[in-house]
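*Asks:* Got query-v6.cif for you, mmCIF, C-alpha atoms, pLDDT in the B column; chains and numbers go by the auth columns:
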```cif
data_query
loop_
_atom_site.group_PDB
_atom_site.id
_atom_site.type_symbol
_atom_site.label_atom_id
_atom_site.label_comp_id
_atom_site.label_asym_id
_atom_site.label_seq_id
_atom_site.Cartn_x
_atom_site.Cartn_y
_atom_site.Cartn_z
_atom_site.B_iso_or_equiv
_atom_site.auth_seq_id
_atom_site.auth_asym_id
ATOM 1 C CA MET A 1 -10.221 17.748 7.490 63.00 1 A
ATOM 2 C CA SER A 2 -12.597 18.548 4.641 77.00 2 A
ATOM 3 C CA ALA A 3 -10.399 21.463 3.534 75.00 3 A
ATOM 4 C CA THR A 4 -7.427 19.079 3.394 78.00 4 A
ATOM 5 C CA ASN A 5 -9.417 16.610 1.294 85.00 5 A
ATOM 6 C CA ASN A 6 -10.492 19.402 -1.057 91.00 6 A
ATOM 7 C CA THR A 7 -6.895 20.548 -1.444 90.00 7 A
ATOM 8 C CA LEU A 8 -5.739 17.003 -2.158 93.00 8 A
ATOM 9 C CA GLU A 9 -8.445 16.645 -4.801 96.00 9 A
ATOM 10 C CA ILE A 10 -7.329 19.928 -6.390 96.00 10 A
ATOM 11 C CA LEU A 11 -3.721 18.689 -6.417 97.00 11 A
ATOM 12 C CA VAL A 12 -4.709 15.419 -8.079 97.00 12 A
ATOM 13 C CA ASN A 13 -6.665 17.357 -10.707 98.00 13 A
ATOM 14 C CA LEU A 14 -3.784 19.756 -11.384 98.00 14 A
ATOM 15 C CA ILE A 15 -1.349 16.866 -11.790 98.00 15 A
ATOM 16 C CA TYR A 16 -3.806 15.144 -14.133 98.00 16 A
ATOM 17 C CA LEU A 17 -4.112 18.320 -16.214 98.00 17 A
ATOM 18 C CA ALA A 18 -0.330 18.743 -16.321 98.00 18 A
ATOM 19 C CA ARG A 19 0.164 15.160 -17.484 98.00 19 A
ATOM 20 C CA HIS A 20 -2.424 15.587 -20.223 98.00 20 A
ATOM 21 C CA SER A 21 -1.074 18.934 -21.436 98.00 21 A
ATOM 22 C CA ILE A 22 2.324 17.616 -22.433 96.00 22 A
ATOM 23 C CA ASP A 23 2.072 19.347 -25.840 98.00 23 A
ATOM 24 C CA ASP A 24 1.805 22.749 -24.133 98.00 24 A
ATOM 25 C CA PRO A 25 4.794 23.232 -21.792 98.00 25 A
ATOM 26 C CA GLN A 26 3.491 26.626 -20.657 98.00 26 A
ATOM 27 C CA LYS A 27 0.229 25.038 -19.447 98.00 27 A
ATOM 28 C CA VAL A 28 2.181 22.282 -17.697 98.00 28 A
ATOM 29 C CA MET A 29 4.214 24.903 -15.823 98.00 29 A
ATOM 30 C CA GLU A 30 1.059 26.824 -14.870 98.00 30 A
ATOM 31 C CA TYR A 31 -0.576 23.693 -13.453 98.00 31 A
ATOM 32 C CA LEU A 32 2.562 22.694 -11.551 98.00 32 A
ATOM 33 C CA GLU A 33 3.010 26.197 -10.135 98.00 33 A
ATOM 34 C CA GLN A 34 -0.598 26.152 -8.942 98.00 34 A
ATOM 35 C CA ALA A 35 -0.028 22.737 -7.367 98.00 35 A
ATOM 36 C CA GLN A 36 3.081 24.019 -5.609 98.00 36 A
ATOM 37 C CA SER A 37 1.098 26.951 -4.242 97.00 37 A
ATOM 38 C CA TYR A 38 -1.552 24.595 -2.811 95.00 38 A
ATOM 39 C CA ILE A 39 1.139 22.392 -1.253 95.00 39 A
ATOM 40 C CA LEU A 40 2.707 25.404 0.469 94.00 40 A
ATOM 41 C CA GLN A 41 -0.725 26.495 1.734 91.00 41 A
ATOM 42 C CA MET A 42 -1.347 23.008 3.105 89.00 42 A
ATOM 43 C CA ALA A 43 2.019 22.990 4.850 89.00 43 A
ATOM 44 C CA GLU A 44 1.118 26.247 6.606 88.00 44 A
ATOM 45 C CA THR A 45 -2.291 25.048 7.793 85.00 45 A
ATOM 46 C CA LEU A 46 -1.412 21.528 8.937 80.00 46 A
ATOM 47 C CA PRO A 47 -0.459 21.145 12.580 78.00 47 A
ATOM 48 C CA LYS A 48 3.288 20.635 12.976 75.00 48 A
ATOM 49 C CA SER A 49 2.699 17.318 14.774 68.00 49 A
ATOM 50 C CA SER A 50 1.087 15.846 11.641 56.00 50 A
ATOM 51 C CA ILE A 51 4.139 16.748 9.549 57.00 51 A
ATOM 52 C CA ASP A 52 6.797 15.301 11.893 57.00 52 A
#
```
Mind turning the file's structure into structure tokens?

*Replies:*
Amino acid sequence: MSATNNTLEILVNLIYLARHSIDDPQKVMEYLEQAQSYILQMAETLPKSSID
């Protein structure tokens, strides 16, 4: 559960950074791509029953 909380905190931070980097579209894309990667990792590690 702690790993999930850490990942959620990372996602919140990446979204925050993306929102505050609006003047640098390349940075925004980097942050969003990192966030997407974490989301895909979370989807692989969560039990299927918690997704349904």

*Asks:* Restricting the calculation to all atoms listed in the file, which member of A:Ser2, A:Gln26, A:Asn13, A:Thr7 is positioned closest to A:Met42?

*Replies:*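 With all atoms listed in the file as the atom set, the closest residue is A:Thr7.
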
*Asks:* Within 8 Å of stretch 32-39 of chain A, counting all atoms listed in the file, which residues show up once you throw out same-chain ones fewer than 2 positions away? Write them as an mmCIF file with C-alpha atoms, keeping the file's coordinate frame, please.

*Replies:*
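File produced: selection01.cif:
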```cif
data_model
loop_
_atom_site.group_PDB
_atom_site.id
_atom_site.type_symbol
_atom_site.label_atom_id
_atom_site.label_comp_id
_atom_site.auth_asym_id
_atom_site.auth_seq_id
_atom_site.Cartn_x
_atom_site.Cartn_y
_atom_site.Cartn_z
ATOM 1 C CA THR A 7 -6.895 20.548 -1.444
ATOM 2 C CA ILE A 10 -7.329 19.928 -6.390
ATOM 3 C CA LEU A 11 -3.721 18.689 -6.417
ATOM 4 C CA LEU A 14 -3.784 19.756 -11.384
ATOM 5 C CA ILE A 15 -1.349 16.866 -11.790
ATOM 6 C CA ALA A 18 -0.330 18.743 -16.321
ATOM 7 C CA VAL A 28 2.181 22.282 -17.697
ATOM 8 C CA MET A 29 4.214 24.903 -15.823
ATOM 9 C CA GLU A 30 1.059 26.824 -14.870
ATOM 10 C CA GLN A 41 -0.725 26.495 1.734
ATOM 11 C CA MET A 42 -1.347 23.008 3.105
ATOM 12 C CA ALA A 43 2.019 22.990 4.850
#
```

*Asks:* For atom CA of A:Pro47 and atom CA of A:Leu8, quote the distance in Å rounded to one decimal.

*Replies:* 16.2 Å

*Asks:* What separation in Å, quoted to one decimal, exists between atom CA of A:Thr4 and atom CA of A:Pro25?

*Replies:* 28.3 Å

*Asks:* Output as AutoDock Vina command-line options the centre and edge lengths (Å, one decimal) of the box along x, y and z of the file that holds every listed atom of stretch 18-35 of chain A after adding 6 Å on each side.

*Replies:*
```
--center_x 1.2 --center_y 21.0 --center_z -16.6 --size_x 19.2 --size_y 23.7 --size_z 30.5
```

*Asks:* Suppose you want the space between atom CA of A:Glu44 and atom CA of A:Val12; what is it in Å?

*Replies:* 19.2 Å
